[in-house]
$ cat entry-v4.pdb   # PDB, C-alpha atoms
MODEL        1
ATOM      1  CA  MET A   1      59.466 153.590  69.648
ATOM      2  CA  LYS A   2      60.402 152.576  73.194
ATOM      3  CA  ARG A   3      57.666 149.886  73.167
ATOM      4  CA  PHE A   4      58.961 148.600  69.817
ATOM      5  CA  LEU A   5      62.511 148.273  71.176
ATOM      6  CA  ILE A   6      61.293 146.346  74.237
ATOM      7  CA  LEU A   7      59.271 143.957  72.063
ATOM      8  CA  ALA A   8      62.250 143.468  69.761
ATOM      9  CA  ALA A   9      64.522 142.722  72.711
ATOM     10  CA  LEU A  10      62.068 140.192  74.176
ATOM     11  CA  THR A  11      61.710 138.513  70.784
ATOM     12  CA  ALA A  12      65.504 138.239  70.454
ATOM     13  CA  VAL A  13      65.843 136.759  73.929
ATOM     14  CA  HIS A  14      63.055 134.262  73.189
ATOM     15  CA  PHE A  15      64.715 133.220  69.936
ATOM     16  CA  PHE A  16      68.113 132.855  71.650
ATOM     17  CA  MET A  17      66.619 130.623  74.356
ATOM     18  CA  ILE A  18      65.029 128.370  71.727
ATOM     19  CA  ALA A  19      68.051 128.237  69.424
ATOM     20  CA  THR A  20      70.671 127.747  72.140
ATOM     21  CA  PRO A  21      70.537 124.677  74.401
ATOM     22  CA  PRO A  22      70.474 125.629  78.075
ATOM     23  CA  VAL A  23      73.768 125.320  79.931
ATOM     24  CA  PHE A  24      73.441 123.753  83.343
ATOM     25  CA  ALA A  25      75.925 123.391  86.140
ATOM     26  CA  ALA A  26      77.681 120.031  86.133
ATOM     27  CA  ASP A  27      75.083 117.415  86.988
ATOM     28  CA  GLU A  28      76.524 115.112  89.600
ATOM     29  CA  THR A  29      74.400 112.264  88.301
ATOM     30  CA  ALA A  30      76.416 112.476  85.060
ATOM     31  CA  GLN A  31      79.576 111.511  86.911
ATOM     32  CA  LYS A  32      80.634 107.923  86.678
ATOM     33  CA  ALA A  33      80.455 106.423  90.149
ATOM     34  CA  VAL A  34      82.946 103.924  91.550
ATOM     35  CA  LEU A  35      82.910 101.883  94.742
ATOM     36  CA  VAL A  36      86.311 101.504  96.435
ATOM     37  CA  THR A  37      86.609  99.147  99.395
ATOM     38  CA  GLY A  38      89.218  99.657 102.108
ATOM     39  CA  SER A  39      89.488 103.387 101.440
ATOM     40  CA  SER A  40      90.645 104.559 104.844
ATOM     41  CA  SER A  41      94.408 104.499 104.235
ATOM     42  CA  GLY A  42      97.264 103.417 102.009
ATOM     43  CA  ILE A  43      96.470 102.242  98.495
ATOM     44  CA  GLY A  44      92.692 102.543  98.956
ATOM     45  CA  LEU A  45      92.908 106.164 100.067
ATOM     46  CA  LYS A  46      95.283 107.013  97.239
ATOM     47  CA  ILE A  47      92.890 105.433  94.706
ATOM     48  CA  THR A  48      89.961 107.341  96.205
ATOM     49  CA  GLU A  49      91.837 110.651  95.964
ATOM     50  CA  LYS A  50      92.985 109.973  92.397
ATOM     51  CA  LEU A  51      89.530 109.016  91.103
ATOM     52  CA  ALA A  52      87.754 111.880  92.898
ATOM     53  CA  ALA A  53      90.238 114.345  91.396
ATOM     54  CA  ASN A  54      89.697 112.950  87.889
ATOM     55  CA  GLY A  55      85.961 113.267  87.415
ATOM     56  CA  PHE A  56      84.633 110.205  89.231
ATOM     57  CA  TYR A  57      82.267 110.112  92.173
ATOM     58  CA  VAL A  58      83.626 107.688  94.752
ATOM     59  CA  TYR A  59      81.721 105.614  97.269
ATOM     60  CA  ALA A  60      84.528 105.035  99.736
ATOM     61  CA  GLY A  61      84.165 101.970 101.939
ATOM     62  CA  ALA A  62      85.583 102.027 105.457
ATOM     63  CA  ARG A  63      84.746 100.616 108.890
ATOM     64  CA  LYS A  64      85.681 103.190 111.534
ATOM     65  CA  ALA A  65      83.581 106.261 112.291
ATOM     66  CA  ALA A  66      86.572 108.620 112.209
ATOM     67  CA  ASP A  67      87.597 107.337 108.767
ATOM     68  CA  LEU A  68      84.050 107.665 107.440
ATOM     69  CA  GLN A  69      83.885 111.261 108.644
ATOM     70  CA  ARG A  70      87.245 112.102 107.061
ATOM     71  CA  LEU A  71      86.233 110.566 103.732
ATOM     72  CA  ASP A  72      82.914 112.433 103.730
ATOM     73  CA  ALA A  73      84.836 115.711 103.960
ATOM     74  CA  MET A  74      86.471 115.064 100.572
ATOM     75  CA  ASP A  75      85.044 116.452  97.335
ATOM     76  CA  ASN A  76      83.238 113.936  95.098
ATOM     77  CA  VAL A  77      83.302 111.301  97.832
ATOM     78  CA  SER A  78      80.613 109.700  99.962
ATOM     79  CA  SER A  79      81.707 107.323 102.679
ATOM     80  CA  VAL A  80      80.029 103.948 103.034
ATOM     81  CA  ARG A  81      80.276 101.832 106.151
ATOM     82  CA  LEU A  82      81.528  98.601 104.653
ATOM     83  CA  ASP A  83      83.188  95.540 106.090
ATOM     84  CA  VAL A  84      83.622  93.093 103.206
ATOM     85  CA  THR A  85      83.253  90.140 105.596
ATOM     86  CA  VAL A  86      79.782  91.229 106.758
ATOM     87  CA  GLN A  87      76.988  90.492 104.282
ATOM     88  CA  GLU A  88      74.537  92.833 106.044
ATOM     89  CA  GLU A  89      76.895  95.775 105.482
ATOM     90  CA  ILE A  90      77.391  94.816 101.844
ATOM     91  CA  ASP A  91      73.616  94.686 101.349
ATOM     92  CA  ALA A  92      73.217  98.076 103.046
ATOM     93  CA  ALA A  93      75.989  99.566 100.879
ATOM     94  CA  LEU A  94      74.260  98.272  97.756
ATOM     95  CA  GLU A  95      70.978  99.922  98.759
ATOM     96  CA  PHE A  96      72.808 103.156  99.576
ATOM     97  CA  VAL A  97      74.453 103.247  96.148
ATOM     98  CA  LYS A  98      71.152 102.494  94.427
ATOM     99  CA  ASP A  99      69.394 105.269  96.358
ATOM    100  CA  GLN A 100      71.951 107.863  95.221
ATOM    101  CA  GLY A 101      70.689 107.547  91.641
ATOM    102  CA  ARG A 102      74.080 107.722  89.924
ATOM    103  CA  GLY A 103      74.252 104.069  88.996
ATOM    104  CA  LEU A 104      77.647 102.413  89.270
ATOM    105  CA  TYR A 105      80.390 102.205  86.663
ATOM    106  CA  GLY A 106      83.244 100.674  88.608
ATOM    107  CA  VAL A 107      84.219  98.526  91.570
ATOM    108  CA  VAL A 108      87.702  98.517  93.072
ATOM    109  CA  ASN A 109      88.125  95.619  95.498
ATOM    110  CA  ASN A 110      90.985  97.030  97.530
ATOM    111  CA  ALA A 111      90.264  95.864 101.091
ATOM    112  CA  GLY A 112      92.952  93.399 102.087
ATOM    113  CA  VAL A 113      94.974  92.006 104.970
ATOM    114  CA  SER A 114      98.232  90.153 105.398
ATOM    115  CA  SER A 115      98.840  87.234 107.737
ATOM    116  CA  PHE A 116     101.349  86.780 110.535
ATOM    117  CA  SER A 117     100.893  82.997 110.797
ATOM    118  CA  SER A 118     103.259  80.575 109.104
ATOM    119  CA  LEU A 119     101.952  77.512 107.319
ATOM    120  CA  THR A 120     103.189  75.291 110.132
ATOM    121  CA  SER A 121     102.352  77.302 113.242
ATOM    122  CA  GLY A 122     100.023  79.957 114.571
ATOM    123  CA  PRO A 123      96.242  79.939 114.838
ATOM    124  CA  GLU A 124      94.262  78.543 111.913
ATOM    125  CA  SER A 125      91.897  81.466 112.400
ATOM    126  CA  GLU A 126      94.520  83.641 110.665
ATOM    127  CA  MET A 127      94.094  81.688 107.433
ATOM    128  CA  THR A 128      90.321  81.901 107.715
ATOM    129  CA  PHE A 129      90.460  85.650 108.345
ATOM    130  CA  THR A 130      92.921  86.323 105.508
ATOM    131  CA  PHE A 131      90.856  84.426 102.948
ATOM    132  CA  ASP A 132      87.629  85.940 104.274
ATOM    133  CA  VAL A 133      88.912  89.429 103.440
ATOM    134  CA  ASN A 134      91.200  88.894 100.447
ATOM    135  CA  VAL A 135      89.258  86.256  98.502
ATOM    136  CA  PHE A 136      85.695  86.055  99.750
ATOM    137  CA  GLY A 137      85.576  89.851 100.077
ATOM    138  CA  PRO A 138      85.907  90.541  96.313
ATOM    139  CA  TYR A 139      83.645  87.562  95.623
ATOM    140  CA  ARG A 140      80.889  88.990  97.845
ATOM    141  CA  ILE A 141      81.271  92.560  96.589
ATOM    142  CA  ASN A 142      81.255  91.640  92.904
ATOM    143  CA  LYS A 143      78.343  89.265  93.378
ATOM    144  CA  ALA A 144      76.313  92.046  94.996
ATOM    145  CA  PHE A 145      77.236  94.903  92.644
ATOM    146  CA  LEU A 146      77.564  93.154  89.258
ATOM    147  CA  PRO A 147      73.908  93.837  88.355
ATOM    148  CA  LEU A 148      74.664  97.580  88.557
ATOM    149  CA  LEU A 149      77.821  97.134  86.478
ATOM    150  CA  ASP A 150      75.797  95.170  83.920
ATOM    151  CA  GLU A 151      73.532  98.200  83.481
ATOM    152  CA  SER A 152      76.469 100.541  82.833
ATOM    153  CA  ASP A 153      78.776  98.149  80.943
ATOM    154  CA  GLY A 154      81.144  98.921  83.761
ATOM    155  CA  ARG A 155      84.423  97.610  85.093
ATOM    156  CA  THR A 156      85.604  95.755  88.178
ATOM    157  CA  THR A 157      89.106  95.185  89.464
ATOM    158  CA  THR A 158      90.725  93.598  92.488
ATOM    159  CA  ILE A 159      93.947  94.768  94.063
ATOM    160  CA  GLY A 160      96.017  91.613  94.019
ATOM    161  CA  SER A 161      99.769  91.502  94.565
ATOM    162  CA  ILE A 162     102.978  90.296  92.994
ATOM    163  CA  SER A 163     102.740  87.811  95.880
ATOM    164  CA  GLY A 164     100.159  86.149  93.646
ATOM    165  CA  PHE A 165     103.130  85.091  91.504
ATOM    166  CA  ILE A 166     106.000  85.011  94.006
ATOM    167  CA  ALA A 167     105.469  82.914  97.127
ATOM    168  CA  GLY A 168     106.727  85.236  99.846
ATOM    169  CA  ARG A 169     107.478  84.853 103.525
ATOM    170  CA  SER A 170     103.785  85.183 104.341
ATOM    171  CA  GLY A 171     102.562  81.925 102.839
ATOM    172  CA  ILE A 172      98.914  82.443 103.764
ATOM    173  CA  TYR A 173      98.912  85.902 102.170
ATOM    174  CA  SER A 174     100.508  84.499  98.992
ATOM    175  CA  MET A 175      97.911  81.725  98.891
ATOM    176  CA  SER A 176      95.123  84.297  99.023
ATOM    177  CA  LYS A 177      96.681  86.410  96.270
ATOM    178  CA  PHE A 178      97.242  83.367  94.047
ATOM    179  CA  ALA A 179      93.522  82.708  94.557
ATOM    180  CA  VAL A 180      92.717  86.259  93.425
ATOM    181  CA  GLU A 181      94.511  85.562  90.128
ATOM    182  CA  GLY A 182      92.386  82.473  89.531
ATOM    183  CA  TYR A 183      89.238  84.298  90.589
ATOM    184  CA  THR A 184      89.926  87.127  88.132
ATOM    185  CA  ASP A 185      90.338  84.842  85.126
ATOM    186  CA  SER A 186      87.399  82.653  86.101
ATOM    187  CA  LEU A 187      85.058  85.617  86.626
ATOM    188  CA  ALA A 188      86.115  87.170  83.322
ATOM    189  CA  ARG A 189      85.362  83.933  81.523
ATOM    190  CA  GLU A 190      82.058  83.425  83.323
ATOM    191  CA  ILE A 191      80.658  86.861  82.451
ATOM    192  CA  ASP A 192      82.314  87.209  79.049
ATOM    193  CA  GLY A 193      79.986  88.963  76.658
ATOM    194  CA  ASN A 194      77.913  90.914  79.183
ATOM    195  CA  GLY A 195      79.901  94.139  78.735
ATOM    196  CA  VAL A 196      81.676  94.220  82.097
ATOM    197  CA  HIS A 197      85.478  94.279  82.024
ATOM    198  CA  VAL A 198      87.312  92.308  84.723
ATOM    199  CA  SER A 199      90.891  93.013  85.744
ATOM    200  CA  VAL A 200      93.423  92.673  88.544
ATOM    201  CA  VAL A 201      96.066  95.158  89.680
ATOM    202  CA  GLU A 202      99.208  93.554  91.141
ATOM    203  CA  PRO A 203     101.225  96.033  93.221
ATOM    204  CA  GLY A 204     104.692  95.401  94.541
ATOM    205  CA  GLY A 205     105.999  96.727  97.841
ATOM    206  CA  PHE A 206     104.436 100.170  98.106
ATOM    207  CA  LYS A 207     103.729 102.090 101.278
ATOM    208  CA  SER A 208     100.652 100.686 102.974
ATOM    209  CA  ARG A 209      99.159 100.043 106.385
ATOM    210  CA  ILE A 210      98.791  96.326 105.639
ATOM    211  CA  ARG A 211     102.142  95.414 107.200
ATOM    212  CA  ASP A 212     101.530  97.599 110.239
ATOM    213  CA  ASN A 213      98.143  95.988 110.790
ATOM    214  CA  ARG A 214      99.682  92.514 110.446
ATOM    215  CA  ALA A 215     102.270  93.385 113.098
ATOM    216  CA  ALA A 216      99.614  94.708 115.462
ATOM    217  CA  ARG A 217      97.564  91.521 115.067
ATOM    218  CA  ALA A 218     100.652  89.365 115.682
ATOM    219  CA  LEU A 219     101.461  91.205 118.898
ATOM    220  CA  ALA A 220      97.841  90.874 120.032
ATOM    221  CA  ALA A 221      97.873  87.132 119.293
ATOM    222  CA  ALA A 222     101.120  86.747 121.234
ATOM    223  CA  GLU A 223      99.568  88.590 124.163
ATOM    224  CA  LYS A 224      96.661  86.105 124.149
ATOM    225  CA  GLY A 225      99.031  83.136 124.002
ATOM    226  CA  GLU A 226      97.908  82.164 120.471
ATOM    227  CA  LEU A 227     101.339  82.838 118.970
ATOM    228  CA  LYS A 228     104.855  82.313 120.252
ATOM    229  CA  LEU A 229     107.333  85.018 119.295
ATOM    230  CA  THR A 230     111.063  85.059 119.875
ATOM    231  CA  PRO A 231     112.428  88.301 121.386
ATOM    232  CA  LYS A 232     113.823  89.219 117.965
ATOM    233  CA  GLU A 233     110.464  88.571 116.235
ATOM    234  CA  LYS A 234     108.633  90.581 118.854
ATOM    235  CA  GLN A 235     111.037  93.479 118.406
ATOM    236  CA  ARG A 236     110.558  93.356 114.634
ATOM    237  CA  TYR A 237     106.772  93.391 114.960
ATOM    238  CA  GLU A 238     106.876  96.243 117.485
ATOM    239  CA  LYS A 239     108.945  98.292 115.089
ATOM    240  CA  ALA A 240     106.585  97.523 112.202
ATOM    241  CA  SER A 241     103.428  98.314 114.182
ATOM    242  CA  SER A 242     104.677 101.836 114.815
ATOM    243  CA  GLY A 243     104.249 102.586 111.100
ATOM    244  CA  SER A 244     106.340 102.304 107.926
ATOM    245  CA  SER A 245     107.554 105.338 106.035
ATOM    246  CA  SER A 246     110.480 104.211 103.876
ATOM    247  CA  GLN A 247     108.460 102.683 101.048
ATOM    248  CA  LYS A 248     107.275 104.496  97.964
ATOM    249  CA  GLU A 249     103.825 106.093  97.927
ATOM    250  CA  PRO A 250     101.378 104.045  95.816
ATOM    251  CA  ASP A 251     100.679 106.789  93.264
ATOM    252  CA  GLU A 252     101.406 104.443  90.359
ATOM    253  CA  VAL A 253      98.897 101.921  91.682
ATOM    254  CA  ALA A 254      96.213 104.609  91.653
ATOM    255  CA  GLU A 255      97.255 105.560  88.105
ATOM    256  CA  ALA A 256      96.804 101.946  87.024
ATOM    257  CA  VAL A 257      93.280 101.886  88.465
ATOM    258  CA  LEU A 258      92.480 105.160  86.686
ATOM    259  CA  ASP A 259      93.698 103.662  83.403
ATOM    260  CA  MET A 260      91.568 100.571  83.981
ATOM    261  CA  LEU A 261      88.496 102.783  84.361
ATOM    262  CA  THR A 262      89.201 105.207  81.507
ATOM    263  CA  SER A 263      91.127 103.343  78.815
ATOM    264  CA  ASP A 264      89.378 102.312  75.616
ATOM    265  CA  LYS A 265      91.333  99.061  75.897
ATOM    266  CA  PRO A 266      91.732  98.241  79.593
ATOM    267  CA  LYS A 267      94.116  95.396  80.369
ATOM    268  CA  ARG A 268      93.375  92.178  82.220
ATOM    269  CA  ARG A 269      96.477  92.591  84.404
ATOM    270  CA  TYR A 270      98.279  95.678  85.662
ATOM    271  CA  MET A 271     101.539  94.838  87.388
ATOM    272  CA  VAL A 272     102.869  97.918  89.198
ATOM    273  CA  THR A 273     106.135  97.726  91.114
ATOM    274  CA  PRO A 274     108.219 100.450  92.768
ATOM    275  CA  ASN A 275     111.442  99.251  91.145
ATOM    276  CA  GLU A 276     112.824  97.152  88.298
ATOM    277  CA  GLY A 277     113.997  94.352  90.570
ATOM    278  CA  GLN A 278     110.493  93.501  91.798
ATOM    279  CA  ALA A 279     109.141  93.603  88.249
ATOM    280  CA  GLN A 280     111.802  91.256  86.921
ATOM    281  CA  SER A 281     111.428  88.852  89.856
ATOM    282  CA  THR A 282     107.683  88.621  89.220
ATOM    283  CA  ILE A 283     108.037  87.952  85.492
ATOM    284  CA  LYS A 284     110.759  85.364  86.121
ATOM    285  CA  ALA A 285     108.590  83.600  88.722
ATOM    286  CA  ALA A 286     105.722  83.336  86.227
ATOM    287  CA  MET A 287     108.064  82.102  83.497
ATOM    288  CA  ARG A 288     109.701  79.570  85.830
ATOM    289  CA  ARG A 289     106.341  77.912  86.459
ATOM    290  CA  MET A 290     105.817  77.704  82.712
ATOM    291  CA  VAL A 291     109.205  76.034  82.263
ATOM    292  CA  GLU A 292     108.521  73.640  85.143
ATOM    293  CA  LEU A 293     105.151  72.696  83.667
ATOM    294  CA  ASN A 294     106.760  72.045  80.303
ATOM    295  CA  GLN A 295     109.668  69.995  81.599
ATOM    296  CA  ASP A 296     109.807  66.235  80.920
ATOM    297  CA  GLN A 297     106.177  65.704  80.023
ATOM    298  CA  ALA A 298     104.771  63.836  77.058
ATOM    299  CA  TYR A 299     103.873  66.940  75.052
ATOM    300  CA  SER A 300     106.730  69.297  75.892
ATOM    301  CA  TYR A 301     107.612  72.217  73.654
ATOM    302  CA  ASP A 302     111.225  72.455  72.587
ATOM    303  CA  ARG A 303     113.005  75.804  72.857
ATOM    304  CA  GLU A 304     111.873  76.938  69.414
ATOM    305  CA  GLY A 305     108.307  75.906  70.209
ATOM    306  CA  LEU A 306     108.297  77.917  73.440
ATOM    307  CA  ILE A 307     109.630  80.982  71.629
ATOM    308  CA  SER A 308     106.982  80.577  68.931
ATOM    309  CA  VAL A 309     104.217  80.397  71.559
ATOM    310  CA  LEU A 310     105.651  83.463  73.312
ATOM    311  CA  ASP A 311     105.675  85.409  70.025
ATOM    312  CA  GLU A 312     102.044  84.455  69.399
ATOM    313  CA  MET A 313     101.014  85.590  72.870
ATOM    314  CA  LEU A 314     102.915  88.884  72.578
ATOM    315  CA  ALA A 315     101.087  89.600  69.311
ATOM    316  CA  GLU A 316      97.736  88.546  70.749
ATOM    317  CA  VAL A 317      97.991  90.649  73.911
ATOM    318  CA  GLY A 318      99.392  93.590  71.963
ATOM    319  CA  SER A 319      96.353  93.642  69.698
ATOM    320  CA  GLU A 320      93.769  93.549  72.502
TER     321      GLU A 320
ENDMDL
END
$ encode --input "entry-v4.pdb" --output "structure tokens"
Amino acid sequence: MKRFLILAALTAVHFFMIATPPVFAADETAQKAVLVTGSSSGIGLKITEKLAANGFYVYAGARKAADLQRLDAMDNVSSVRLDVTVQEEIDAALEFVKDQGRGLYGVVNNAGVSSFSSLTSGPESEMTFTFDVNVFGPYRINKAFLPLLDESDGRTTTIGSISGFIAGRSGIYSMSKFAVEGYTDSLAREIDGNGVHVSVVEPGGFKSRIRDNRAARALAAAEKGELKLTPKEKQRYEKASSGSSSQKEPDEVAEAVLDMLTSDKPKRRYMVTPNEGQAQSTIKAAMRRMVELNQDQAYSYDREGLISVLDEMLAEVGSE
């Protein structure tokens, strides 16, 4: 009888194992992986934290050893030494991501800098540096990682700025962010049909280290004699380089990136501002250019025509 019961129990266990699929612990290779550049602080760090907490595995790009170590200590994050102006580091990052075996679903081109030079003074190297990071950086990263995104029908975004619509006090920075807008639309058109979604996130004035870093570079340039600062300008930069704390944390920017990666219908543009005033100023700036383009030219729309076109576009974008 005892032998019969043992055989019956073994038979039941065997049947249960066949009939019921095995349950494994969460396989990390099943996580969608995302590369985020400029992850050490500010918006990039907030995006990294948000994605890692919402089921993604993040390859967090940074340059300094201390930042890489801190990022490695986070759950669902692997740091990647990555300077977006150095092709050798981009190539090494690509090989690292490939070797991990997770594939790649998303790229977030967040690394960015602002410029202290005006358009009429200061070293030309500032313009070169700003464009090297803000424009050529996303170009290099997407060019390198698009084959992986092709395999996953993934998504890529660049952190632009409302300065890509409103020409601010930092003309060189605005120029670079206007370029990002053109790059986004051109890339989307070029790879249309391959399954990869292209977008741009345009934050307003959220808390970030970008202004502090600009101030530190300005003070360093003044020390070298490359930039002349008035006492008042120097005082302003010294105050800024000590860190900013009054601005809003960029949680909403990270939420926009999460939506871009998870929505069934991700948008082309995500404007995210900390207040209504910045949002309205950005929309008005875009509309003003439209009105200026339309004014006194051979094929101008009248008021009713402009409203009709606007209605068509609202319906078109709403249905996407």
$ atom_distance --input "entry-v4.pdb" --atom1 "CA of Tyr57 (chain A)" --atom2 "CA of Asn76 (chain A)"
4.9 Å
$ closest_residue --input "entry-v4.pdb" --among "A:Ala256, A:Ala286, A:Ala30, A:Val135" --to "Tyr173 (chain A)" --atoms "all atoms listed in the file"
A:Val135
$ closest_atom_pairs --input "entry-v4.pdb" --of "region 62-138 of chain A" --to "region 155-168 of chain A" --cutoff "7 Å" --atoms "only C-alpha atoms" --output "JSON lines"
{"residue": "A:Tyr105", "atom": "CA", "partner": "A:Arg155", "partner_atom": "CA", "distance": 6.3}
{"residue": "A:Gly106", "atom": "CA", "partner": "A:Arg155", "partner_atom": "CA", "distance": 4.8}
{"residue": "A:Val107", "atom": "CA", "partner": "A:Thr156", "partner_atom": "CA", "distance": 4.6}
{"residue": "A:Val108", "atom": "CA", "partner": "A:Thr157", "partner_atom": "CA", "distance": 5.1}
{"residue": "A:Asn109", "atom": "CA", "partner": "A:Thr158", "partner_atom": "CA", "distance": 4.5}
{"residue": "A:Asn110", "atom": "CA", "partner": "A:Ile159", "partner_atom": "CA", "distance": 5.1}
{"residue": "A:Pro138", "atom": "CA", "partner": "A:Thr158", "partner_atom": "CA", "distance": 6.9}
$ residues_near_point --input "entry-v4.pdb" --point "(73.9, 98.0, 89.4)" --cutoff "9 Å" --atoms "all atoms listed in the file" --output "compact mmCIF listing (two decimals) with C-alpha atoms, in the coordinates of the input"
# COMPACT_ATOMS: atom_id res chain seq x y z
CA LEU A 94 74.26 98.27 97.76
CA VAL A 97 74.45 103.25 96.15
CA LYS A 98 71.15 102.49 94.43
CA GLY A 103 74.25 104.07 89.00
CA LEU A 104 77.65 102.41 89.27
CA TYR A 105 80.39 102.20 86.66
CA ALA A 144 76.31 92.05 95.00
CA PHE A 145 77.24 94.90 92.64
CA LEU A 146 77.56 93.15 89.26
CA PRO A 147 73.91 93.84 88.36
CA LEU A 148 74.66 97.58 88.56
CA LEU A 149 77.82 97.13 86.48
CA ASP A 150 75.80 95.17 83.92
CA GLU A 151 73.53 98.20 83.48
CA SER A 152 76.47 100.54 82.83
$ axis_aligned_box --input "entry-v4.pdb" --around "region 305-309 of chain A" --padding-each-side "5 Å" --output "AutoDock Vina command-line options"
--center_x 106.9 --center_y 78.4 --center_z 71.2 --size_x 15.4 --size_y 15.1 --size_z 14.5
$ resolve_selection --input "entry-v4.pdb" --expression "the PyMOL selection byres ((chain A and resi 55) around 10)" --output "list in words"
Glu28, Ala30, Gln31, Lys32, Ala33, Lys50, Leu51, Ala52, Ala53, Asn54, Phe56, Tyr57, Val58 and Asn76 of chain A
$ closest_residue --input "entry-v4.pdb" --among "A:Glu202, A:Glu316, A:Glu88, A:Asp153" --to "Ile43 (chain A)" --atoms "only C-alpha atoms"
A:Glu202
$ resolve_selection --input "entry-v4.pdb" --expression "the PyMOL selection byres ((chain A and resi 207) around 6)" --output "PyMOL selection string"
chain A and resi 206+208+247-249
$ atom_distance --input "entry-v4.pdb" --atom1 "CA of Ser40 (chain A)" --atom2 "CA of Ala62 (chain A)"
5.7 Å
$ atom_distance --input "entry-v4.pdb" --atom1 "CA of Met313 (chain A)" --atom2 "CA of Val201 (chain A)"
20.0 Å
$ closest_residue --input "entry-v4.pdb" --among "A:Asp72, A:Asp251, A:Asp311, A:Glu304" --to "Thr273 (chain A)" --atoms "all atoms listed in the file"
A:Asp251
$ resolve_selection --input "entry-v4.pdb" --expression "the PyMOL selection byres ((chain A and resi 270) around 8)" --output "mmCIF file with C-alpha atoms, in the coordinates of the input"
data_model
loop_
_atom_site.group_PDB
_atom_site.id
_atom_site.type_symbol
_atom_site.label_atom_id
_atom_site.label_comp_id
_atom_site.auth_asym_id
_atom_site.auth_seq_id
_atom_site.Cartn_x
_atom_site.Cartn_y
_atom_site.Cartn_z
ATOM 1 C CA SER A 199 90.891 93.013 85.744
ATOM 2 C CA VAL A 200 93.423 92.673 88.544
ATOM 3 C CA VAL A 201 96.066 95.158 89.680
ATOM 4 C CA GLU A 202 99.208 93.554 91.141
ATOM 5 C CA ALA A 256 96.804 101.946 87.024
ATOM 6 C CA LYS A 267 94.116 95.396 80.369
ATOM 7 C CA ARG A 268 93.375 92.178 82.220
ATOM 8 C CA ARG A 269 96.477 92.591 84.404
ATOM 9 C CA MET A 271 101.539 94.838 87.388
ATOM 10 C CA VAL A 272 102.869 97.918 89.198
#
$ closest_residue --input "entry-v4.pdb" --among "A:Gly182, A:Ala60, A:Val77, A:Gly204" --to "Asn275 (chain A)" --atoms "all atoms listed in the file"
A:Gly204
$ closest_residue --input "entry-v4.pdb" --among "A:His197, A:Arg289, A:Arg81, A:Lys143" --to "Tyr59 (chain A)" --atoms "all atoms listed in the file"
A:Arg81
$ closest_residue --input "entry-v4.pdb" --among "A:Ser263, A:Glu292, A:Glu124, A:Ser115" --to "Gly154 (chain A)" --atoms "only C-alpha atoms"
A:Ser263
